[in-house]
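One file, data_2.txt, carrying compact mmCIF, C-alpha atoms:
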```
# COMPACT_ATOMS: atom_id res chain seq x y z
CA MET A 1 267.17 -176.58 4.50
CA ASN A 2 264.77 -173.97 3.24
CA PRO A 3 261.53 -174.37 5.22
CA ASN A 4 259.51 -173.03 2.30
CA LYS A 5 260.90 -175.78 0.10
CA ASN A 6 259.78 -178.34 2.69
CA ARG A 7 256.33 -176.84 2.77
CA LEU A 8 256.11 -176.94 -1.00
CA ALA A 9 257.23 -180.57 -1.04
CA SER A 10 254.61 -181.49 1.56
CA PHE A 11 251.96 -179.72 -0.44
CA LEU A 12 252.91 -181.59 -3.62
CA VAL A 13 252.87 -184.94 -1.85
CA LEU A 14 249.39 -184.22 -0.48
CA ALA A 15 248.13 -182.97 -3.83
CA LEU A 16 249.33 -186.07 -5.64
CA ALA A 17 248.29 -188.59 -3.00
CA ALA A 18 245.17 -190.70 -3.28
CA ALA A 19 242.39 -188.79 -1.53
CA VAL A 20 238.75 -189.27 -0.67
CA ARG A 21 236.72 -186.26 0.41
CA ILE A 22 233.71 -186.70 2.67
CA LYS A 23 231.04 -184.13 1.92
CA ASP A 24 227.29 -184.09 2.52
CA PHE A 25 227.41 -187.65 3.92
CA LYS A 26 228.99 -189.08 0.75
CA PHE A 27 232.44 -190.42 -0.09
CA ASP A 28 233.92 -188.70 -3.14
CA PRO A 29 234.93 -190.63 -5.15
CA ALA A 30 232.74 -193.51 -3.97
CA THR A 31 235.18 -195.93 -5.60
CA LEU A 32 238.90 -195.13 -5.71
CA GLU A 33 241.54 -197.21 -7.49
CA VAL A 34 245.12 -197.17 -6.17
CA ALA A 35 248.31 -199.15 -6.56
CA ALA A 36 249.52 -201.49 -3.81
CA GLY A 37 251.63 -199.54 -1.32
CA GLU A 38 249.71 -196.31 -1.82
CA THR A 39 248.25 -194.35 1.07
CA VAL A 40 244.69 -193.12 0.89
CA THR A 41 243.75 -190.03 2.90
CA TRP A 42 240.16 -189.24 3.83
CA THR A 43 239.20 -185.67 4.78
CA ASN A 44 235.93 -184.93 6.52
CA GLY A 45 234.32 -181.89 4.93
CA ASP A 46 231.15 -182.13 7.04
CA ASP A 47 230.34 -180.51 10.38
CA GLU A 48 229.16 -183.95 11.54
CA ILE A 49 231.64 -186.58 12.68
CA HIS A 50 232.11 -189.75 10.64
CA ALA A 51 233.80 -193.03 11.58
CA LEU A 52 235.08 -195.24 8.79
CA VAL A 53 235.39 -198.97 9.14
CA ALA A 54 236.41 -201.56 6.54
CA ASN A 55 233.82 -204.29 6.09
CA ASP A 56 236.60 -206.83 6.67
CA GLY A 57 237.84 -204.93 9.72
CA SER A 58 241.26 -204.20 8.16
CA PHE A 59 241.09 -200.48 9.02
CA HIS A 60 239.02 -198.12 11.10
CA SER A 61 239.35 -194.40 11.63
CA GLY A 62 237.67 -193.81 14.97
CA GLY A 63 235.73 -190.57 15.24
CA LEU A 64 236.68 -188.17 12.45
CA ASP A 65 235.55 -184.65 13.28
CA GLY A 66 235.06 -181.85 10.73
CA ASP A 67 238.29 -181.09 8.76
CA ALA A 68 240.07 -184.07 10.37
CA THR A 69 241.91 -186.57 8.18
CA PHE A 70 242.53 -190.30 8.33
CA ALA A 71 245.18 -192.15 6.29
CA HIS A 72 245.59 -195.84 5.59
CA THR A 73 248.23 -197.57 3.46
CA PHE A 74 246.96 -200.42 1.31
CA THR A 75 249.68 -203.04 0.84
CA ALA A 76 247.77 -206.01 -0.59
CA PRO A 77 245.84 -205.96 -3.89
CA GLY A 78 242.11 -206.48 -3.51
CA THR A 79 238.75 -204.77 -3.15
CA TYR A 80 238.07 -203.07 0.18
CA PRO A 81 234.50 -201.98 0.78
CA TYR A 82 234.04 -199.70 3.79
CA ARG A 83 231.28 -197.75 5.50
CA CYS A 84 230.59 -195.14 8.16
CA THR A 85 229.61 -196.75 11.47
CA LEU A 86 227.52 -193.70 12.36
CA HIS A 87 225.63 -193.31 9.09
CA PRO A 88 224.44 -196.54 7.44
CA GLN A 89 223.68 -194.75 4.16
CA MET A 90 227.40 -194.01 3.62
CA SER A 91 229.59 -196.58 1.89
CA GLY A 92 232.63 -196.60 -0.41
CA THR A 93 235.19 -198.91 -1.96
CA ILE A 94 238.98 -198.84 -2.40
CA VAL A 95 240.27 -201.05 -5.23
CA VAL A 96 243.98 -201.88 -4.86
CA HIS A 97 245.86 -203.12 -7.96
CA MET B 98 188.38 -197.07 11.94
CA PHE B 99 191.05 -197.49 9.32
CA GLU B 100 189.86 -194.39 7.46
CA THR B 101 189.84 -192.38 10.70
CA ASP B 102 193.41 -193.42 11.36
CA ARG B 103 194.42 -192.48 7.86
CA ARG B 104 192.96 -189.00 8.23
CA ASN B 105 194.71 -188.55 11.55
CA PHE B 106 197.94 -189.79 10.05
CA LEU B 107 197.82 -187.15 7.33
CA ARG B 108 196.86 -184.36 9.67
CA CYS B 109 199.50 -185.17 12.22
CA MET B 110 202.46 -185.29 9.88
CA ALA B 111 202.49 -181.47 10.10
CA TRP B 112 205.23 -179.75 12.06
CA ALA B 113 204.22 -179.09 15.63
CA GLY B 114 204.45 -175.62 17.06
CA ALA B 115 205.30 -174.71 20.64
CA GLY B 116 202.61 -175.03 23.25
CA VAL B 117 200.41 -177.49 21.38
CA VAL B 118 199.12 -180.41 23.39
CA TRP B 119 198.48 -183.64 21.57
CA THR B 120 195.88 -185.69 23.39
CA VAL B 121 195.52 -189.37 22.66
CA SER B 122 192.44 -191.26 23.74
CA GLY B 123 191.44 -194.56 22.24
CA GLY B 124 194.01 -194.15 19.50
CA VAL B 125 192.53 -190.91 18.16
CA LEU B 126 194.92 -188.03 18.38
CA SER B 127 193.85 -184.43 18.52
CA SER B 128 195.55 -181.16 19.30
CA ARG B 129 194.30 -178.30 21.35
CA ALA B 130 195.62 -175.20 23.05
CA LEU B 131 197.75 -175.77 26.11
CA ALA B 132 195.51 -173.62 28.35
CA LYS B 133 192.57 -175.96 27.75
CA ALA B 134 194.46 -179.12 28.55
CA ALA B 135 193.05 -179.22 32.09
CA LEU B 136 195.89 -181.25 33.47
CA LYS B 137 196.19 -181.55 37.20
CA PRO B 138 199.19 -181.97 39.50
CA SER B 139 197.71 -185.35 40.43
CA ASP B 140 198.24 -186.58 36.85
CA PHE B 141 201.42 -188.45 35.99
CA HIS B 142 204.01 -186.14 34.45
CA PHE B 143 207.34 -186.99 32.91
CA VAL B 144 209.80 -185.28 30.56
CA GLN B 145 211.80 -186.29 27.51
CA ILE B 146 215.11 -184.62 26.70
CA SER B 147 217.27 -185.66 23.77
CA ASP B 148 220.42 -185.22 21.71
CA THR B 149 222.45 -183.02 24.07
CA HIS B 150 225.58 -183.76 21.94
CA ILE B 151 228.01 -182.61 24.63
CA GLY B 152 231.34 -182.02 22.85
CA PHE B 153 229.89 -180.62 19.63
CA ASP B 154 231.69 -177.34 18.84
CA LYS B 155 230.78 -176.38 15.29
CA GLU B 156 229.06 -173.25 14.01
CA ALA B 157 225.54 -174.69 14.40
CA ASN B 158 226.00 -174.38 18.20
CA PRO B 159 229.46 -173.75 19.70
CA ASP B 160 228.13 -174.19 23.26
CA PRO B 161 225.73 -177.15 23.62
CA VAL B 162 226.40 -177.25 27.39
CA ALA B 163 224.76 -173.83 27.71
CA THR B 164 221.66 -174.84 25.73
CA ALA B 165 221.38 -178.16 27.60
CA ARG B 166 221.52 -176.20 30.85
CA GLU B 167 218.76 -173.90 29.58
CA ALA B 168 216.64 -176.96 28.78
CA ILE B 169 217.24 -178.31 32.28
CA GLY B 170 216.30 -174.90 33.70
CA ARG B 171 213.00 -175.15 31.82
CA ILE B 172 212.32 -178.59 33.24
CA ASN B 173 213.19 -177.51 36.77
CA ALA B 174 210.83 -174.53 36.40
CA LEU B 175 207.79 -176.66 35.47
CA SER B 176 204.81 -176.07 37.74
CA VAL B 177 204.72 -179.78 38.57
CA ARG B 178 207.96 -181.64 39.21
CA PRO B 179 208.23 -184.47 36.67
CA GLU B 180 208.27 -187.97 38.18
CA LEU B 181 211.02 -188.99 35.80
CA VAL B 182 213.10 -187.77 32.87
CA LEU B 183 213.95 -189.85 29.80
CA HIS B 184 217.06 -188.96 27.76
CA THR B 185 216.71 -190.53 24.32
CA GLY B 186 220.35 -190.64 23.36
CA ASP B 187 223.35 -188.82 21.92
CA LEU B 188 224.23 -187.57 25.36
CA THR B 189 227.69 -186.92 23.91
CA HIS B 190 228.97 -186.05 20.45
CA THR B 191 232.08 -188.23 20.28
CA GLN B 192 231.77 -190.41 23.43
CA LYS B 193 234.86 -188.99 25.12
CA PRO B 194 235.08 -189.63 28.91
CA ALA B 195 235.06 -185.88 29.64
CA GLN B 196 231.90 -185.49 27.55
CA PHE B 197 230.20 -188.29 29.49
CA ASP B 198 231.33 -186.60 32.73
CA THR B 199 229.73 -183.32 31.66
CA ALA B 200 226.53 -185.01 30.47
CA ALA B 201 226.19 -186.97 33.72
CA GLY B 202 226.75 -183.79 35.72
CA LEU B 203 224.04 -181.98 33.75
CA LEU B 204 221.53 -184.79 34.31
CA GLN B 205 222.22 -184.54 38.03
CA GLU B 206 220.99 -180.94 37.94
CA LEU B 207 217.49 -182.17 37.01
CA ASN B 208 214.84 -181.80 39.68
CA THR B 209 213.11 -185.15 39.18
CA GLY B 210 212.62 -188.54 40.80
CA ALA B 211 214.65 -190.62 38.34
CA VAL B 212 216.53 -190.30 35.05
CA PHE B 213 216.60 -193.07 32.45
CA THR B 214 218.70 -193.05 29.30
CA VAL B 215 219.13 -194.98 26.08
CA PRO B 216 222.27 -194.48 23.96
CA GLY B 217 222.51 -192.75 20.61
CA GLU B 218 225.03 -193.85 17.98
CA HIS B 219 227.31 -190.96 19.00
CA ASP B 220 227.58 -192.51 22.49
CA VAL B 221 228.67 -195.97 21.32
CA PHE B 222 230.18 -195.92 17.80
CA ASP B 223 233.83 -196.26 18.80
CA ASP B 224 233.74 -198.90 21.55
CA ASP B 225 230.49 -200.79 20.98
CA GLY B 226 228.93 -199.10 23.99
CA ARG B 227 231.36 -200.19 26.72
CA GLU B 228 231.90 -196.72 28.20
CA TYR B 229 228.21 -195.81 27.95
CA LEU B 230 227.06 -199.04 29.60
CA ALA B 231 229.62 -198.73 32.39
CA ARG B 232 228.28 -195.27 33.22
CA PHE B 233 224.57 -195.39 32.36
CA GLY B 234 223.72 -199.08 32.07
CA LYS B 235 222.86 -199.64 35.73
CA GLY B 236 219.56 -201.50 36.07
CA SER B 237 219.46 -202.43 32.39
CA THR B 238 219.73 -205.87 30.80
CA GLY B 239 221.38 -207.09 27.59
CA ASP B 240 223.07 -204.16 25.83
CA GLY B 241 221.28 -201.45 27.80
CA TRP B 242 217.63 -202.47 27.27
CA ARG B 243 215.40 -201.66 30.21
CA SER B 244 211.79 -201.79 31.32
CA PHE B 245 210.02 -200.45 34.37
CA ASP B 246 206.59 -199.40 35.61
CA SER B 247 205.50 -196.06 36.95
CA HIS B 248 201.96 -194.90 37.83
CA GLY B 249 200.37 -197.71 35.87
CA VAL B 250 202.38 -197.01 32.72
CA HIS B 251 204.84 -199.61 31.41
CA PHE B 252 208.07 -198.21 29.96
CA ALA B 253 210.45 -200.02 27.60
CA GLY B 254 213.81 -198.44 26.69
CA LEU B 255 215.26 -199.95 23.53
CA VAL B 256 218.77 -199.72 22.04
CA ASN B 257 218.95 -199.48 18.24
CA VAL B 258 222.43 -198.03 17.72
CA LEU B 259 224.87 -200.88 18.45
CA SER B 260 226.12 -201.71 14.98
CA PHE B 261 228.43 -204.61 15.76
CA LYS B 262 226.00 -206.70 17.78
CA THR B 263 222.86 -205.98 15.79
CA GLY B 264 224.02 -205.74 12.18
CA GLY B 265 224.04 -201.98 11.73
CA VAL B 266 222.95 -198.62 13.10
CA GLY B 267 219.15 -198.57 13.17
CA THR B 268 218.70 -202.20 14.26
CA LEU B 269 217.27 -203.73 17.43
CA GLY B 270 218.54 -207.25 16.78
CA ALA B 271 216.99 -210.67 17.44
CA ASP B 272 218.12 -210.90 21.09
CA GLN B 273 216.50 -207.60 22.05
CA LEU B 274 213.29 -208.40 20.15
CA ALA B 275 213.06 -211.71 22.03
CA TRP B 276 213.60 -209.87 25.33
CA LEU B 277 210.91 -207.31 24.43
CA GLU B 278 208.39 -210.00 23.53
CA LYS B 279 208.95 -211.66 26.89
CA ASP B 280 208.74 -208.34 28.71
CA LEU B 281 205.48 -207.31 27.05
CA ALA B 282 203.90 -210.73 27.58
CA THR B 283 203.43 -209.93 31.27
CA GLN B 284 201.45 -206.75 30.53
CA SER B 285 197.70 -206.52 30.01
CA ALA B 286 196.41 -205.00 26.76
CA SER B 287 194.88 -202.08 28.70
CA THR B 288 198.23 -200.99 30.21
CA PRO B 289 199.53 -197.79 28.56
CA ILE B 290 202.94 -198.52 27.02
CA VAL B 291 205.71 -195.97 26.47
CA VAL B 292 208.62 -197.09 24.28
CA PHE B 293 211.68 -194.84 24.20
CA THR B 294 214.63 -195.31 21.88
CA HIS B 295 217.09 -193.15 19.94
CA ILE B 296 216.45 -193.76 16.24
CA PRO B 297 212.82 -193.62 15.06
CA LEU B 298 211.14 -197.05 14.97
CA TRP B 299 209.20 -195.97 11.88
CA ALA B 300 210.69 -195.12 8.49
CA VAL B 301 211.00 -191.32 8.72
CA PHE B 302 213.56 -191.06 5.92
CA PRO B 303 215.59 -194.22 5.18
CA GLU B 304 217.79 -192.36 2.65
CA TRP B 305 219.35 -190.55 5.63
CA GLY B 306 219.33 -193.60 7.88
CA TRP B 307 216.31 -192.31 9.80
CA VAL B 308 214.78 -195.75 10.22
CA THR B 309 215.03 -198.87 12.39
CA SER B 310 215.33 -201.78 9.97
CA ASP B 311 213.55 -204.28 12.24
CA GLY B 312 211.32 -201.69 13.93
CA GLN B 313 208.20 -203.28 12.43
CA GLN B 314 208.90 -206.47 14.41
CA ALA B 315 208.80 -204.47 17.64
CA LEU B 316 205.65 -202.67 16.51
CA SER B 317 203.88 -205.94 15.73
CA GLN B 318 204.51 -206.97 19.36
CA LEU B 319 202.92 -203.69 20.50
CA ARG B 320 199.83 -203.89 18.32
CA ARG B 321 197.60 -205.62 20.90
CA PHE B 322 197.91 -202.73 23.37
CA GLY B 323 195.26 -200.01 23.53
CA SER B 324 197.71 -197.14 24.00
CA VAL B 325 201.30 -197.13 22.79
CA THR B 326 203.50 -194.02 22.72
CA VAL B 327 206.88 -194.22 20.97
CA LEU B 328 209.35 -191.47 21.86
CA ASN B 329 212.64 -191.01 20.06
CA GLY B 330 215.37 -188.49 19.24
CA HIS B 331 218.06 -188.67 16.52
CA ILE B 332 216.53 -186.34 13.93
CA HIS B 333 216.59 -183.13 16.03
CA GLN B 334 213.09 -182.01 15.07
CA VAL B 335 209.51 -182.71 16.11
CA LEU B 336 207.42 -185.02 13.93
CA GLN B 337 204.31 -186.94 14.90
CA LYS B 338 202.48 -189.85 13.36
CA VAL B 339 199.57 -192.06 14.39
CA GLU B 340 199.21 -195.66 13.31
CA GLY B 341 196.28 -197.48 14.91
CA HIS B 342 196.76 -197.21 18.67
CA VAL B 343 200.41 -196.32 18.30
CA THR B 344 201.60 -192.71 18.28
CA PHE B 345 205.13 -191.77 17.26
CA HIS B 346 206.90 -188.63 18.43
CA THR B 347 210.39 -187.49 17.47
CA ALA B 348 211.94 -184.86 19.77
CA TYR B 349 213.87 -181.63 19.54
CA SER B 350 217.58 -181.71 20.35
CA THR B 351 218.94 -179.35 22.98
CA ALA B 352 222.08 -178.80 20.84
CA TYR B 353 221.34 -178.04 17.17
CA PRO B 354 218.63 -178.61 14.56
CA GLN B 355 218.83 -180.89 11.53
CA PRO B 356 217.13 -180.27 8.18
CA ALA B 357 213.63 -181.55 7.42
CA PRO B 358 213.79 -184.89 5.57
CA GLY B 359 215.11 -184.50 2.05
CA THR B 360 215.47 -180.70 2.18
CA ALA B 361 219.30 -180.70 2.18
CA ALA B 362 222.15 -182.66 0.61
CA GLY B 363 222.58 -184.52 3.89
CA PRO B 364 221.37 -184.64 7.50
CA GLY B 365 224.23 -182.52 8.91
CA PRO B 366 223.84 -179.85 11.60
CA LEU B 367 221.56 -177.08 10.34
CA LYS B 368 223.11 -173.63 10.70
CA VAL B 369 220.60 -170.97 11.68
CA PRO B 370 221.30 -167.39 12.84
CA ALA B 371 222.46 -167.50 16.48
CA GLU B 372 219.44 -165.47 17.64
CA GLU B 373 217.10 -168.06 16.09
CA LEU B 374 218.83 -171.18 17.43
CA ARG B 375 216.63 -171.59 20.51
CA ALA B 376 213.50 -171.65 18.36
CA HIS B 377 214.83 -174.95 16.97
CA LEU B 378 215.69 -176.58 20.32
CA GLY B 379 213.39 -177.84 23.03
CA VAL B 380 212.11 -180.33 25.56
CA ARG B 381 208.94 -182.43 25.78
CA GLU B 382 206.53 -182.87 28.66
CA VAL B 383 204.25 -185.92 28.74
CA SER B 384 201.25 -186.20 31.07
CA PHE B 385 198.85 -189.06 31.69
CA ARG B 386 195.51 -187.88 33.03
CA ALA B 387 194.67 -190.10 35.97
CA THR B 388 190.89 -189.94 35.44
CA ASP B 389 190.70 -191.44 31.94
CA GLY B 390 194.24 -192.35 30.96
CA ALA B 391 194.37 -189.63 28.30
CA LEU B 392 197.87 -188.69 27.24
CA ALA B 393 199.01 -185.13 26.59
CA ILE B 394 202.31 -184.29 24.93
CA THR B 395 203.73 -180.78 24.96
CA ASP B 396 206.79 -179.79 22.95
CA SER B 397 208.29 -176.52 24.19
CA LYS B 398 211.00 -174.59 22.39
CA LEU B 399 213.83 -172.98 24.30
CA GLY B 400 213.14 -169.59 22.74
```

Would you mind writing the structure in this file as structure tokens?
Amino acid sequence: MNPNKNRLASFLVLALAAAVRIKDFKFDPATLEVAAGETVTWTNGDDEIHALVANDGSFHSGGLDGDATFAHTFTAPGTYPYRCTLHPQMSGTIVVH
Amino acid sequence: MFETDRRNFLRCMAWAGAGVVWTVSGGVLSSRALAKAALKPSDFHFVQISDTHIGFDKEANPDPVATAREAIGRINALSVRPELVLHTGDLTHTQKPAQFDTAAGLLQELNTGAVFTVPGEHDVFDDDGREYLARFGKGSTGDGWRSFDSHGVHFAGLVNVLSFKTGGVGTLGADQLAWLEKDLATQSASTPIVVFTHIPLWAVFPEWGWVTSDGQQALSQLRRFGSVTVLNGHIHQVLQKVEGHVTFHTAYSTAYPQPAPGTAAGPGPLKVPAEELRAHLGVREVSFRATDGALAITDSKLG
């Protein structure tokens, strides 16, 4: 195996995957639509920690420090609102088709 | 009276500089130079320290243990040993056991009679406060609420950061409000009251979560008292406000500053040049003058 090929493959997977960036205490995009079975990855772009929790309790990230990522695979269609337990002004939604 | 309060409110929203003493008597707040404060060792002195954020390691302050230790050095060097020290929360940054260990060790270095804490959201967000309460909850009731008396002043420490039990960060919750009402019922209206809690009880800037949603219910219970002082942390900067007989004071952090309300995209750690950092950090000394019950509050910067 060529390690560079592996690296490229990993990069492509990340680039194509469903992603939410956290920046300036906002989720971007605030609402993300994905297909059932897809994995959503959040990346914290702030120097402050954030801690995501689904309103229905179906996922929670624990403390997410700056540059850290959290991934969750959504298997069932539905609407999943979530928030940051540390910052009540931060909320987002994942819509799974 | 209302107009007087309004004028004071407007005047006191200004940023406080180092070495200014705010004196409260009969609900009217005024500032004067520290040298004229005429406080005596016989007066009741205590200290507030806040937002040590042990475990934070970003550019805004890579070594919050060092700055916390400087703050403690300041307190230990005061001309009069404070009777007690209040820590108004965010002892740790991510509530890791090692961070709690370090924070507890630092508090033990304080030369004071007693240390009381309330949690910040950083101390409790991941486990609903279990670790914090196991370590710092001794002598408290409910979810860490506490009250005690010292030198004729009644203290109430409130917890407004437990999101699961209270309905969100910045909430006291019905159980705690009922406890507070019962606690205050035993106090006479002339007793000076000091309330300490992490998130401001008044709406500093709700857009950034700098508000306690049911804070007004607590304040309505405090309205009958002649002197109420509300001390909090959370916003890493000094702001003051007067409302009737109630004065509100937010405190410096010992770790890093945060932007003034609405002056940045978000309330994240404010990066300042390393040589300027200590001008944005500090501690607060509070003194009650025994002769007339006047209250003096001094915010001192670390540098």

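Between atom CA of Gly254 of chain B and atom CA of Gln334 of chain B the separation is 20.1 Å.
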
Which residue is closest to chain A? Choose from B:Trp276, B:Phe261, B:Phe252, B:Trp299 and count all atoms listed in the file.
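Smallest separation from chain A among the options: B:Phe261.
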
Select residues of chain B: the criterion is any atom within 9 Å of an atom of chain A, counting all atoms listed in the file; output as JSON, numbers by chain. {"B": [153, 155, 156, 157, 190, 191, 218, 219, 222, 223, 258, 260, 265, 266, 267, 303, 304, 305, 306, 361, 362, 363, 364, 365, 366]}

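Distance annotation: of A:Tyr82, A:Val40, A:Ser91, A:Thr31, the residue with the minimal separation from Ala18 of chain A is A:Val40; atom set is all atoms listed in the file.
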
Considering only C-alpha atoms, return as a CSV table (one decimal) with C-alpha atoms, in the coordinates of the input whatever protein or nucleic-acid residues lie within 8 Å of Gly152 of chain B, sequence-local ones (same chain, fewer than 2 positions apart) excluded.
```csv
chain,number,residue,atom,x,y,z
B,150,HIS,CA,225.6,-183.8,21.9
B,154,ASP,CA,231.7,-177.3,18.8
B,161,PRO,CA,225.7,-177.2,23.6
B,189,THR,CA,227.7,-186.9,23.9
B,190,HIS,CA,229.0,-186.0,20.4
B,191,THR,CA,232.1,-188.2,20.3
B,196,GLN,CA,231.9,-185.5,27.6
```

* What separation in Å, quoted to one decimal, exists between atom CA of Val212 of chain B and atom CA of Gly236 of chain B? ->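 One can read the atom CA of Val212 of chain B to atom CA of Gly236 of chain B distance as 11.6 Å.
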
Between atom CA of Asp272 of chain B and atom CA of Val144 of chain B lies a distance of 28.6 Å

_Using all atoms listed in the file - which residues lie no farther than 6 Å from the point (218.7, -188.9, 16.2) in the file's frame? Write them as a list in words._
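These residues have at least one counted atom within 6 Å: His295, Ile296, Gly330, His331 and Ile332 of chain B.
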
Checklist entry - What lies within 7 Å of Arg375 of chain B using only C-alpha atoms, ignoring chain neighbours under 5 positions off, as a list in words? => result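 Once the nearby chain positions are removed, what remains is Lys398, Leu399 and Gly400 of chain B.
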
- Polymer residues at most 8 Å from Ala71 of chain A, all atoms listed in the file, same-chain spacing of 5 or more positions, as a PyMOL selection string: chain A and resi 39-42
